[in-house]
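Heads up, the thing below is written out as structure tokens.
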Amino acid sequence: MADLSVNFAGIRAPNPFWLASAPPTDKEYNVVRAFKAGWGGVVWKTLGEEGPPIVNVSGPRYGAMHASDRRVIGFNNIELITDRPLQVNLEEIKRVKKEWPDRAMVVSLMVPCDEESWKKILQRVEWTECDGVELNFGCPHGMSERGMGAAVGQVPEYVEMVTRWCKQHTRMPVIVKLTPNVGNILRPAEAAVKGGADAVSLINTVNSMMGVDLDAMSPWPHVGGKGTHGGMCGPVVKPIALNMVAEIARTPATRTPATRGIAMSGIGGIESWKDAAEYMALGCGTVQVCTAAMVYGFKIVEEMKAGLSDWMDTKGYRTIEDFRGMAAPKVTDWQHLNLDYVVKAHIDQDLCISCGRCHIACEDTSHQAITNLVNGVRRFEVIEEECVGCNLCAVVCPVENCITMVEMTEGVDPRTGIAVGGHRTWMEHPNNPMARNPQAAGVAGTVAEPAE
Amino acid sequence: MPDIKAGRLDGGSLSDNFSDMLPGFARNEARVAAERCLFCHDAPCVKACPTSIDIPLFIRQIAAQNPIGAARTILDQNIMGAMCARVCPTENLCEGVCVREVSEGKAIEIGRLQRYATDAAFDAGRQFYSAGASTGRSVAVVGAGPAGLACAHKLATLGHAVTVFEARDKAGGLNEFGIAAYKATHDIAQREVDYIMAVGNITIEHGKRLGRDITVAGLRREFDAVFLAMGLGETNDLGLGDEPAGVLDAVDYIAALRQAPDKAALPVGRRVVVIGGGMTAIDIATQTRKLGAAEVTIVYRRGKEQMSASPYEQDVAQTHGVTIRHWMRPVRLHAQAGALSGVDLEYTRLEEGKLVGTGEIVTMPCDQVFKAIGQVFVPADIADAGAGITMQSGRILIDAERRTSWAGVWAGGDCVAGGQDLTVTAVEDGKQAALSIDRTLRGTAAQAAE
Ligand SMILES: Cc1cc2nc3c(=O)[nH]c(=O)nc-3n(C[C@H](O)[C@H](O)[C@H](O)COP(=O)(O)OP(=O)(O)OC[C@H]3O[C@@H](n4cnc5c(N)ncnc54)[C@H](O)[C@@H]3O)c2cc1C
Ligand SMILES: Cc1cc2nc3c(=O)[nH]c(=O)nc-3n(C[C@H](O)[C@H](O)[C@H](O)COP(=O)(O)O)c2cc1C
Ligand code: SF4
Ligand code: SF4
């Protein structure tokens with residue numbers, strides 16, 4: 001049996017499945033239920049500074065994008081940070097941590113951008129004996145209008161400055177939660193590292209408008225006839241988050257060899273063990289979940305724990321460290337991809353249900369490489385002379401594994417007339433005027449990827 | 001002359017007829033089916049499963065591409081999950097109350113998903129269980145059917161040494177000798193027995209019959225606890241006096257059918273009449289059709305609603321060309337030269353809640369009559385217990401923990417009163433009895449140590 005326990009930036013937990021800072025972690029009641037259900041840790045719903053409590057809208061604060069079977073694939077909110085009094089939250093955090101000492105208890109924070117405010121809140125939080133703090137630099141709505149959340153997270157200098165304050169004023173590990181609403185995720189990530197962060201977590205929600213109500217002629221959902229942009233999360237944001245995690249994992253400024261990168265907690269669209277394992281393969285030591293818990297309840301963690309452990313057993317990984325980050329070195333720039341690697345679509349005629357989607361996709365929008373009639377009979381075959389191996393047909397085919405992309409390992413690509421088996425990237429391609437060492441087609445090159 | 005002969009159909013048609021009636025899911029089908037599950041809270045399907053399998057969890061595991069993990073979720077609650085997936089009347093159990101059945105008339109295909117997962121684990125040779133650390137206690141189990149084997153398996157995992165006494169030379173009970181051949185393909189009954197036995201600490205003594213070779217009192221003396229799971233050994237009689245050749249016991253015939261390496265060797269009539277209204281009636285009728293009988297009629301003395309075979313099972317028989325006649329009962333068997341030639345059927349109706357004959361009689365010519373009017377417990381098996389074991393309606397009385405009235409003796413499966421006579425309920429009885437035996441033995445162990 002695999003060992004799922006983790007030590008994340010010095011915070012120990014029995015498993016890497018944590019609940020992200022959000023409604024599921026807003027109260028003692030919810031968090032105790034989560035721990036009973038088996039979650040390894042929580043990041044408590046973001047706390048703000050002492051003062052009159054936050055006021056939320058009483059109109060709809062959530063919206064969603066449904067797939068055709070009403071599965072929630074995207075979720076959106078305009079909720080603010082916790083709207084309960086600070087002291088109440090702190091007392092509950094202290095009590096829960098005491099009752100559940102083996103679980104990770106991280107407290108998310110967001111206060112105005114001045115050193116005194118951060119110092120004050122950190123002192124209050126230390127009293128709870130929680131395991132760490134997470135700085136919410138990500139909330140893209142509401143709080144950002146007040147100069148907090150994403151308004152800080154989008155300015156690398158602020159990220160670095162606040163991180164440094166926090167490191168100065170607390171003994172606890174500091175996790176910086178990043179907003180995806182930036183041009184380049186590396187800038188705030190680097191700033192967090194420079195500020196001394198123990199870890200980054202990503203992503204917070206993505207700026208979004210879920211729809212337009214064509215009767216009310218307003219955004220949907222709306223609050224009394226008017227709407228505002230919200231933050232989107234759930235399965236649809238996972239590809240965005242994975243890419244950002246991969247960028248941080250492979251960039252020298254955020255990757256120190258000893259640690260295989262700054263500690264990362266992956267967040268965004270995690271619904272099953274497999275989603276979590278993908279984040280871990282790119283370097284994350286823990287994952288955080290919000291939407292899936294809000295849609296299905298806390299019990300989903302049973303599937304996640306069993307699935308990850310079963311998969312690790314079949315692969316022979318004893319701990320998460322055994323495979324963490326293994327996929328990161330395979331993430332590279334386009335210019336380092338092998339242009340002599342050739343695949344051709346292959347249609348399994350036994351599985352084909354003859355819907356014709358592959359043909360029309362290729363015919364109308366790509367390379368005219370799939371037949372629709374053969375000898376006057378409806379039949380879909382790949383024309384290898386035309387196929388560029390783009391994967392479109394496999395993507396649109398409704399039958400899993402009916403169309404596969406098969407690598408050509410010998411001979412000549414009938415489309416280009418070039419012998420396969422070479423290895424030329426754009427760096428060696430003769431069509432590249434900047435090529436350092438241009439190589440003619442058909443030469444089985446042995447050019448290694450340049451070291452980064 | 002009666003028209004009864006072997007080899008009515010050629011080998012090809014027979015192997016088609018006795019192949020999987022509902023084949024297993026392919027990967028893609030399983031995924032599509034699994035993704036329909038709503039992962040309900042406090043799911044009604046779980047409550048309707050006699051073994052309380054965590055259905056939403058195992059289906060979510062299939063959707064998350066972990067069918068082997070799903071199998072463990074299933075087998076943890078029901079060690080015969082592979083067979084139950086094929087034979088449970090799911091429309092009356094889990095699928096009948098699935099919220100998607102209630103709301104859309106299309107349940108999640110829980111049984112088939114359960115098969116997909118357990119097949120994946122069996123095919124991969126994944127064993128999840130091992131014998132527990134020895135408690136030094138020993139338990140006797142009588143009968144190697146679903147109840148007996150489920151009990152033995154749970155006891156072995158809890159560290160008790162189990163000896164199973166089985167009258168037949170093959171284990172599995174009705175899984176091996178009763179379930180319709182087209183439900184139990186690919187030798188699933190024996191694969192399941194092997195999976196259970198692989199846990200270790202279970203010995204089966206074949207050819208040992210309670211009441212003949214051993215007694216309840218003897219077992220009680222020799223073992224720390226006894227679990228009785230003999231099922232039902234005899235078939236009810238038609239009560240029509242001497243039966244001419246051609247009148248057969250459906251359960252015996254099905255057992256022979258299940259064991260026959262070559263189904264073409266089984267003699268079957270051209271015109272077959274089946275008396276009864278349960279699963280056995282459906283199975284014998286459907287299978288004689290599959291063997292090549294030209295006309296098969298089920299005769300049941302009450303209405304469609306009273307048949308214990310589920311509507312789905314009745315549909316299966318009817319789509320196989322079986323005619324079901326309600327409100328009729330056999331009153332006389334006709335014979336020519338000692339061989340059956342027909343049966344007289346009297347119409348029936350309810351009068352003030354009582355079933356009565358109307359006096360109106362029709363004669364149905366036929367070559368074979370199968371008796372499928374229920375099985376009964378053989379009291380001689382436990383005769384030595386005398387009044388020590390309390391009976392109810394001809395079966396053993398048990399409490400919620402599956403204890404009989406005789407201390408140290410538990411019972412479950414078809415041989416106990418008030419059950420549903422299903423594989424899945426037999427498994428649950430075995431499991432609950434094992435847990436109760438374990439509690440009792442550990443309790444006494446603790447007391448002895450004091
Ligand atoms: C034809 C038929 C079809 C069925 N189809 C279905 C179905 O589709 N779905 C479903 O859920 N259920 C079905 N059932 C019911 C199901 O098979 C039984 O409910 C279930 O097998 C009961 O399990 P058991 O362990 O109590 O008894 P059994 O399966 O009968 O096992 C009892 C075992 O004890 C042994 N034994 C008997 N007497 C003695 C003795 N004195 N000493 C030692 N050993 C003894 C027997 O040889 C046997 O191995 C069907 C039953 C029949 C007859
Ligand atoms: C209703 C709601 C409220 C949230 N509130 C917070 C918050 O207070 N602080 C924070 O850091 N993130 C907050 N988030 C963002 C989540 O913690 C998480 O980063 C995001 O939802 C992506 O994960 P998911 O795809 O699993 O939902 C909130 C998300 C939702 C849906
Ligand atoms: S054991 Fe039977 S009743 Fe229970 S879930 Fe499986 S198929 Fe349904
Ligand atoms: S009732 Fe149906 S939809 Fe709900 S959990 Fe059970 S199988 Fe899934």
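Convention: chains lettered A, B, ... in structure tokens order; per-chain residue numbering from 1; ligands numbered from 1 as shown.
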Compile the residues of chain A that lie within 9 Å of chain B, evaluated using only C-alpha atoms, and express the compilation as a ChimeraX atom specification.
-> /A:69,71,271-274,296-297,299-300,302-304,306-307,310-311,399-401
Quick one: DSSP strand (DSSP E or B) residues in range 90-224 of chain B, as a compact mmCIF listing (two decimals) with N, CA and C atoms, in the first residue's frame?
# COMPACT_ATOMS: atom_id res chain seq x y z
N SER B 138 -12.10 -22.02 16.03
CA SER B 138 -12.49 -22.75 14.82
C SER B 138 -14.00 -22.71 14.67
N VAL B 139 -14.43 -22.63 13.41
CA VAL B 139 -15.87 -22.57 13.13
C VAL B 139 -16.22 -23.60 12.07
N ALA B 140 -17.35 -24.28 12.28
CA ALA B 140 -17.86 -25.22 11.27
C ALA B 140 -18.95 -24.53 10.47
N VAL B 141 -18.86 -24.66 9.15
CA VAL B 141 -19.89 -24.12 8.27
C VAL B 141 -20.48 -25.30 7.51
N VAL B 142 -21.80 -25.40 7.47
CA VAL B 142 -22.42 -26.51 6.75
C VAL B 142 -23.04 -25.98 5.46
N ALA B 161 -10.25 -20.25 12.07
CA ALA B 161 -10.04 -21.39 11.18
C ALA B 161 -11.40 -21.98 10.81
N VAL B 162 -11.66 -22.13 9.52
CA VAL B 162 -13.00 -22.54 9.09
C VAL B 162 -12.95 -23.90 8.39
N THR B 163 -13.87 -24.77 8.77
CA THR B 163 -14.05 -26.02 8.04
C THR B 163 -15.47 -26.02 7.46
N VAL B 164 -15.56 -26.21 6.15
CA VAL B 164 -16.87 -26.22 5.49
C VAL B 164 -17.23 -27.67 5.18
N PHE B 165 -18.40 -28.11 5.61
CA PHE B 165 -18.87 -29.45 5.30
C PHE B 165 -19.89 -29.36 4.17
N GLU B 166 -19.59 -30.02 3.06
CA GLU B 166 -20.41 -29.88 1.86
C GLU B 166 -20.77 -31.26 1.34
N ILE B 202 -9.40 -21.77 5.07
CA ILE B 202 -10.71 -22.41 4.87
C ILE B 202 -10.45 -23.80 4.28
N THR B 203 -11.04 -24.82 4.90
CA THR B 203 -10.95 -26.17 4.33
C THR B 203 -12.35 -26.62 3.98
N ILE B 204 -12.54 -27.20 2.80
CA ILE B 204 -13.86 -27.76 2.48
C ILE B 204 -13.76 -29.28 2.54
N GLU B 205 -14.64 -29.88 3.31
CA GLU B 205 -14.71 -31.35 3.31
C GLU B 205 -15.90 -31.76 2.47
N HIS B 206 -15.62 -32.21 1.28
CA HIS B 206 -16.70 -32.61 0.37
C HIS B 206 -17.24 -33.99 0.75
N LEU B 210 -24.63 -33.22 6.55
CA LEU B 210 -25.20 -33.06 7.88
C LEU B 210 -26.46 -33.93 7.96
N ILE B 214 -22.56 -36.23 9.79
CA ILE B 214 -22.25 -35.39 10.95
C ILE B 214 -23.56 -34.89 11.56
Find the residues near ligand 2. Use a cut-off of 6 Å, count only C-alpha atoms and all ligand atoms, and write them as a VMD selection string.
-> chain A and resid 20 to 23 45 to 46 77 79 81 136 203 to 205 233 to 234 267 to 270 289 to 292
Residues as selected, N, CA, C and O atoms, written as a PDB file, in the first residue's frame, can you do that?
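And here is the file that came out, part19.pdb:
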ATOM      1  N   ALA A  20      -9.586  23.701  -0.639  1.00  0.00           N
ATOM      2  CA  ALA A  20      -9.116  25.054  -0.915  1.00  0.00           C
ATOM      3  C   ALA A  20      -9.925  26.047  -0.085  1.00  0.00           C
ATOM      4  O   ALA A  20     -11.059  25.774   0.339  1.00  0.00           O
ATOM      5  N   SER A  21      -9.341  27.194   0.113  1.00  0.00           N
ATOM      6  CA  SER A  21      -9.992  28.257   0.877  1.00  0.00           C
ATOM      7  C   SER A  21     -11.246  28.714   0.129  1.00  0.00           C
ATOM      8  O   SER A  21     -11.159  29.265  -0.964  1.00  0.00           O
ATOM      9  N   ALA A  22     -12.386  28.476   0.714  1.00  0.00           N
ATOM     10  CA  ALA A  22     -13.662  28.716   0.026  1.00  0.00           C
ATOM     11  C   ALA A  22     -14.780  28.300   0.987  1.00  0.00           C
ATOM     12  O   ALA A  22     -14.504  27.917   2.122  1.00  0.00           O
ATOM     13  N   PRO A  23     -16.049  28.345   0.548  1.00  0.00           N
ATOM     14  CA  PRO A  23     -17.139  28.000   1.470  1.00  0.00           C
ATOM     15  C   PRO A  23     -16.978  26.655   2.191  1.00  0.00           C
ATOM     16  O   PRO A  23     -17.353  26.559   3.371  1.00  0.00           O
ATOM     17  N   LYS A  45     -11.209  29.374   4.920  1.00  0.00           N
ATOM     18  CA  LYS A  45     -11.762  30.475   4.124  1.00  0.00           C
ATOM     19  C   LYS A  45     -11.066  31.795   4.515  1.00  0.00           C
ATOM     20  O   LYS A  45     -10.880  32.078   5.706  1.00  0.00           O
ATOM     21  N   THR A  46     -10.719  32.590   3.511  1.00  0.00           N
ATOM     22  CA  THR A  46      -9.900  33.782   3.748  1.00  0.00           C
ATOM     23  C   THR A  46     -10.453  34.701   4.840  1.00  0.00           C
ATOM     24  O   THR A  46     -11.629  35.085   4.812  1.00  0.00           O
ATOM     25  N   ASN A  77     -18.161  32.501  -9.135  1.00  0.00           N
ATOM     26  CA  ASN A  77     -18.705  33.115  -7.930  1.00  0.00           C
ATOM     27  C   ASN A  77     -18.321  34.566  -7.819  1.00  0.00           C
ATOM     28  O   ASN A  77     -17.330  35.022  -8.394  1.00  0.00           O
ATOM     29  N   GLU A  79     -18.431  35.813  -4.589  1.00  0.00           N
ATOM     30  CA  GLU A  79     -18.431  35.853  -3.133  1.00  0.00           C
ATOM     31  C   GLU A  79     -17.172  36.573  -2.633  1.00  0.00           C
ATOM     32  O   GLU A  79     -16.134  36.531  -3.260  1.00  0.00           O
ATOM     33  N   ILE A  81     -14.515  37.477   0.879  1.00  0.00           N
ATOM     34  CA  ILE A  81     -13.864  36.633   1.877  1.00  0.00           C
ATOM     35  C   ILE A  81     -14.859  36.372   3.009  1.00  0.00           C
ATOM     36  O   ILE A  81     -16.014  36.780   2.931  1.00  0.00           O
ATOM     37  N   ASN A 136      -3.875  35.302   0.187  1.00  0.00           N
ATOM     38  CA  ASN A 136      -4.828  35.332  -0.924  1.00  0.00           C
ATOM     39  C   ASN A 136      -4.562  36.558  -1.779  1.00  0.00           C
ATOM     40  O   ASN A 136      -5.055  37.639  -1.507  1.00  0.00           O
ATOM     41  N   ILE A 203      -4.337  27.514  -9.039  1.00  0.00           N
ATOM     42  CA  ILE A 203      -4.678  28.904  -9.292  1.00  0.00           C
ATOM     43  C   ILE A 203      -5.889  29.332  -8.469  1.00  0.00           C
ATOM     44  O   ILE A 203      -6.667  28.474  -8.027  1.00  0.00           O
ATOM     45  N   ASN A 204      -6.022  30.615  -8.293  1.00  0.00           N
ATOM     46  CA  ASN A 204      -7.298  31.147  -7.826  1.00  0.00           C
ATOM     47  C   ASN A 204      -8.219  31.226  -9.054  1.00  0.00           C
ATOM     48  O   ASN A 204      -7.883  30.722 -10.122  1.00  0.00           O
ATOM     49  N   THR A 205      -9.328  31.875  -8.936  1.00  0.00           N
ATOM     50  CA  THR A 205     -10.325  31.808 -10.014  1.00  0.00           C
ATOM     51  C   THR A 205      -9.987  32.732 -11.182  1.00  0.00           C
ATOM     52  O   THR A 205      -9.242  33.693 -11.045  1.00  0.00           O
ATOM     53  N   CYS A 233     -13.981  28.586 -11.859  1.00  0.00           N
ATOM     54  CA  CYS A 233     -13.188  27.451 -11.392  1.00  0.00           C
ATOM     55  C   CYS A 233     -13.868  26.187 -11.880  1.00  0.00           C
ATOM     56  O   CYS A 233     -14.768  26.251 -12.695  1.00  0.00           O
ATOM     57  N   GLY A 234     -13.456  25.037 -11.384  1.00  0.00           N
ATOM     58  CA  GLY A 234     -14.048  23.781 -11.839  1.00  0.00           C
ATOM     59  C   GLY A 234     -13.273  23.200 -13.019  1.00  0.00           C
ATOM     60  O   GLY A 234     -12.274  23.768 -13.456  1.00  0.00           O
ATOM     61  N   ILE A 267      -4.136  23.696  -7.715  1.00  0.00           N
ATOM     62  CA  ILE A 267      -5.568  23.965  -7.518  1.00  0.00           C
ATOM     63  C   ILE A 267      -6.211  24.240  -8.876  1.00  0.00           C
ATOM     64  O   ILE A 267      -5.639  24.971  -9.689  1.00  0.00           O
ATOM     65  N   GLY A 268      -7.402  23.717  -9.066  1.00  0.00           N
ATOM     66  CA  GLY A 268      -8.156  24.048 -10.267  1.00  0.00           C
ATOM     67  C   GLY A 268      -8.733  22.823 -10.932  1.00  0.00           C
ATOM     68  O   GLY A 268      -8.020  22.045 -11.560  1.00  0.00           O
ATOM     69  N   GLY A 269     -10.030  22.612 -10.748  1.00  0.00           N
ATOM     70  CA  GLY A 269     -10.741  21.572 -11.492  1.00  0.00           C
ATOM     71  C   GLY A 269     -10.418  20.152 -11.088  1.00  0.00           C
ATOM     72  O   GLY A 269     -10.649  19.223 -11.857  1.00  0.00           O
ATOM     73  N   ILE A 270      -9.916  19.943  -9.891  1.00  0.00           N
ATOM     74  CA  ILE A 270      -9.573  18.581  -9.486  1.00  0.00           C
ATOM     75  C   ILE A 270     -10.841  17.866  -9.005  1.00  0.00           C
ATOM     76  O   ILE A 270     -11.510  18.310  -8.078  1.00  0.00           O
ATOM     77  N   VAL A 289      -8.923  21.429  -3.424  1.00  0.00           N
ATOM     78  CA  VAL A 289     -10.180  21.192  -4.135  1.00  0.00           C
ATOM     79  C   VAL A 289     -11.256  22.107  -3.575  1.00  0.00           C
ATOM     80  O   VAL A 289     -11.383  22.241  -2.357  1.00  0.00           O
ATOM     81  N   CYS A 290     -12.009  22.723  -4.462  1.00  0.00           N
ATOM     82  CA  CYS A 290     -13.173  23.501  -4.012  1.00  0.00           C
ATOM     83  C   CYS A 290     -14.433  23.055  -4.753  1.00  0.00           C
ATOM     84  O   CYS A 290     -15.344  22.496  -4.177  1.00  0.00           O
ATOM     85  N   THR A 291     -14.466  23.283  -6.074  1.00  0.00           N
ATOM     86  CA  THR A 291     -15.702  23.051  -6.823  1.00  0.00           C
ATOM     87  C   THR A 291     -16.215  21.616  -6.683  1.00  0.00           C
ATOM     88  O   THR A 291     -17.402  21.399  -6.448  1.00  0.00           O
ATOM     89  N   ALA A 292     -15.328  20.633  -6.846  1.00  0.00           N
ATOM     90  CA  ALA A 292     -15.797  19.242  -6.812  1.00  0.00           C
ATOM     91  C   ALA A 292     -16.458  18.937  -5.471  1.00  0.00           C
ATOM     92  O   ALA A 292     -17.473  18.239  -5.414  1.00  0.00           O
TER      93      ALA A 292
END
Compute the set of protein, DNA and RNA residues whose minimum atom distance to ligand 1 is at most 7 Å, using only C-alpha atoms and all ligand atoms, and state it as a ChimeraX atom specification.
-> /B:84,87-89,142-148,165-168,171-175,178-180,208-211,229-233,251,254,279-280,283,381,412-415,421-424,426
Could you give me, as a PyMOL selection string, each residue of range 6-195 of chain B that DSSP assigns to alpha helix (DSSP H) when run on this structure's backbone?
-> chain B and resi 11-17+27-35+44-48+55-63+67-77+81-87+94-97+99-104+110-123+146-157+174-177+188-195
Kindly provide, as a PyMOL selection string, all nucleotide and amino acid residues lying within 9 Å of ligand 3, counting only C-alpha atoms and all ligand atoms.
-> chain B and resi 45-46+48-55+74+77-78+80-95+109-115+423-425
Show me, as a short mmCIF file (atom, residue, chain, number, x, y, z; two decimals) with C-alpha atoms, in the first residue's frame, the residues that have an atom within 6 Å of range 122-136 of chain B when counting only C-alpha atoms, minus same-chain residues fewer than 4 positions from it.
data_model
loop_
_atom_site.label_atom_id
_atom_site.label_comp_id
_atom_site.auth_asym_id
_atom_site.auth_seq_id
_atom_site.Cartn_x
_atom_site.Cartn_y
_atom_site.Cartn_z
CA ALA B 156 -11.07 -16.43 7.70
CA THR B 157 -10.17 -12.76 7.18
CA LEU B 158 -10.96 -12.25 10.87
CA GLY B 159 -8.50 -14.98 11.83
CA HIS B 160 -10.74 -17.93 12.58
CA VAL B 199 -7.70 -16.29 1.19
CA GLY B 200 -6.54 -19.39 3.08
#
Kindly give the distance, in Å, that separates CA of Phe298 in chain A and CA of Asp76 in chain B, rounded to a single decimal.
->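 Separating CA of Phe298 in chain A from CA of Asp76 in chain B is a distance of 21.1 Å.
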Hey, what's within 12 Å of Ala411 in chain B if we count only C-alpha atoms and toss same-chain stuff fewer than 5 positions away? As a VMD selection string, please?
-> chain B and resid 140 to 143 147 to 148 151 216 225 to 231 382 389 to 391 395 to 406 416 to 417 419 426 to 434 436 to 437
Restrict the selected residues to N, CA and C atoms and save them as a short mmCIF file (atom, residue, chain, number, x, y, z; two decimals), in the first residue's frame.
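File written: selection20.cif
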data_model
loop_
_atom_site.label_atom_id
_atom_site.label_comp_id
_atom_site.auth_asym_id
_atom_site.auth_seq_id
_atom_site.Cartn_x
_atom_site.Cartn_y
_atom_site.Cartn_z
N ALA B 140 -17.35 -24.28 12.28
CA ALA B 140 -17.86 -25.22 11.27
C ALA B 140 -18.95 -24.53 10.47
N VAL B 141 -18.86 -24.66 9.15
CA VAL B 141 -19.89 -24.12 8.27
C VAL B 141 -20.48 -25.30 7.51
N VAL B 142 -21.80 -25.40 7.47
CA VAL B 142 -22.42 -26.51 6.75
C VAL B 142 -23.04 -25.98 5.46
N GLY B 143 -22.50 -26.41 4.33
CA GLY B 143 -22.98 -25.98 3.02
C GLY B 143 -22.04 -24.96 2.40
N ALA B 147 -24.23 -18.48 1.08
CA ALA B 147 -24.26 -18.12 2.50
C ALA B 147 -23.05 -18.72 3.20
N GLY B 148 -22.80 -20.00 2.99
CA GLY B 148 -21.70 -20.68 3.67
C GLY B 148 -20.35 -20.09 3.29
N CYS B 151 -19.75 -16.54 4.64
CA CYS B 151 -19.47 -16.61 6.07
C CYS B 151 -18.04 -17.09 6.29
N VAL B 216 -25.43 -31.73 14.25
CA VAL B 216 -25.26 -30.38 14.78
C VAL B 216 -24.58 -30.45 16.15
N ALA B 225 -18.00 -22.53 17.05
CA ALA B 225 -19.29 -22.02 16.57
C ALA B 225 -19.68 -22.79 15.31
N VAL B 226 -20.98 -22.78 15.02
CA VAL B 226 -21.49 -23.52 13.85
C VAL B 226 -22.38 -22.59 13.04
N PHE B 227 -22.21 -22.59 11.71
CA PHE B 227 -23.10 -21.83 10.83
C PHE B 227 -23.77 -22.81 9.87
N LEU B 228 -25.08 -22.81 9.88
CA LEU B 228 -25.85 -23.72 9.03
C LEU B 228 -26.31 -23.00 7.77
N ALA B 229 -25.96 -23.54 6.60
CA ALA B 229 -26.32 -22.90 5.33
C ALA B 229 -26.55 -23.97 4.28
N MET B 230 -27.52 -24.85 4.55
CA MET B 230 -27.74 -25.99 3.66
C MET B 230 -28.68 -25.66 2.51
N GLY B 231 -29.25 -24.47 2.50
CA GLY B 231 -30.22 -24.17 1.44
C GLY B 231 -31.45 -25.04 1.59
N ILE B 382 -31.24 -31.62 10.42
CA ILE B 382 -30.92 -31.14 11.77
C ILE B 382 -31.75 -31.87 12.81
N ILE B 389 -33.44 -26.32 18.10
CA ILE B 389 -33.47 -25.29 17.07
C ILE B 389 -34.92 -25.01 16.71
N THR B 390 -35.37 -23.82 17.00
CA THR B 390 -36.76 -23.45 16.75
C THR B 390 -36.97 -23.22 15.26
N MET B 391 -38.08 -23.73 14.73
CA MET B 391 -38.39 -23.58 13.31
C MET B 391 -39.58 -22.62 13.16
N ARG B 395 -38.81 -23.57 8.22
CA ARG B 395 -37.40 -23.22 8.08
C ARG B 395 -36.84 -22.78 9.44
N ILE B 396 -35.52 -22.59 9.48
CA ILE B 396 -34.87 -22.28 10.76
C ILE B 396 -35.14 -20.83 11.15
N LEU B 397 -35.54 -20.62 12.40
CA LEU B 397 -35.81 -19.26 12.88
C LEU B 397 -34.49 -18.62 13.35
N ILE B 398 -34.23 -17.40 12.90
CA ILE B 398 -33.03 -16.69 13.37
C ILE B 398 -33.40 -15.29 13.84
N ASP B 399 -32.46 -14.67 14.59
CA ASP B 399 -32.67 -13.28 14.99
C ASP B 399 -31.88 -12.37 14.04
N ALA B 400 -31.84 -11.08 14.36
CA ALA B 400 -31.21 -10.13 13.44
C ALA B 400 -29.72 -10.43 13.23
N GLU B 401 -29.10 -11.06 14.22
CA GLU B 401 -27.68 -11.41 14.09
C GLU B 401 -27.47 -12.77 13.45
N ARG B 402 -28.56 -13.39 12.99
CA ARG B 402 -28.52 -14.71 12.36
C ARG B 402 -28.21 -15.82 13.37
N ARG B 403 -28.56 -15.58 14.66
CA ARG B 403 -28.41 -16.63 15.66
C ARG B 403 -29.66 -17.49 15.67
N THR B 404 -29.49 -18.83 15.78
CA THR B 404 -30.66 -19.70 15.97
C THR B 404 -30.97 -19.70 17.46
N SER B 405 -31.98 -20.46 17.81
CA SER B 405 -32.35 -20.51 19.23
C SER B 405 -31.35 -21.35 20.04
N TRP B 406 -30.46 -22.07 19.33
CA TRP B 406 -29.48 -22.90 20.04
C TRP B 406 -28.17 -22.12 20.14
N VAL B 416 -33.21 -20.42 6.12
CA VAL B 416 -33.82 -19.72 7.26
C VAL B 416 -35.16 -19.10 6.87
N ALA B 417 -35.97 -18.86 7.89
CA ALA B 417 -37.32 -18.34 7.67
C ALA B 417 -37.28 -16.84 7.36
N GLY B 419 -36.67 -15.12 4.66
CA GLY B 419 -35.72 -14.52 3.71
C GLY B 419 -36.32 -14.33 2.33
N ALA B 426 -28.36 -14.28 0.71
CA ALA B 426 -27.60 -15.37 1.32
C ALA B 426 -26.20 -14.87 1.70
N VAL B 427 -25.59 -14.09 0.81
CA VAL B 427 -24.25 -13.55 1.08
C VAL B 427 -24.30 -12.63 2.30
N GLU B 428 -25.32 -11.80 2.38
CA GLU B 428 -25.44 -10.89 3.51
C GLU B 428 -25.62 -11.67 4.81
N ASP B 429 -26.44 -12.72 4.77
CA ASP B 429 -26.62 -13.56 5.97
C ASP B 429 -25.27 -14.13 6.41
N GLY B 430 -24.51 -14.64 5.46
CA GLY B 430 -23.21 -15.23 5.79
C GLY B 430 -22.29 -14.19 6.42
N LYS B 431 -22.28 -13.00 5.82
CA LYS B 431 -21.40 -11.93 6.32
C LYS B 431 -21.82 -11.52 7.73
N GLN B 432 -23.12 -11.28 7.94
CA GLN B 432 -23.59 -10.83 9.25
C GLN B 432 -23.37 -11.91 10.31
N ALA B 433 -23.59 -13.17 9.93
CA ALA B 433 -23.37 -14.25 10.89
C ALA B 433 -21.89 -14.28 11.28
N ALA B 434 -21.00 -14.11 10.29
CA ALA B 434 -19.56 -14.15 10.59
C ALA B 434 -19.20 -13.04 11.57
N SER B 436 -21.17 -11.60 13.72
CA SER B 436 -21.75 -11.92 15.02
C SER B 436 -20.94 -13.02 15.72
N ILE B 437 -20.54 -14.03 14.95
CA ILE B 437 -19.71 -15.12 15.52
C ILE B 437 -18.41 -14.53 16.05
#
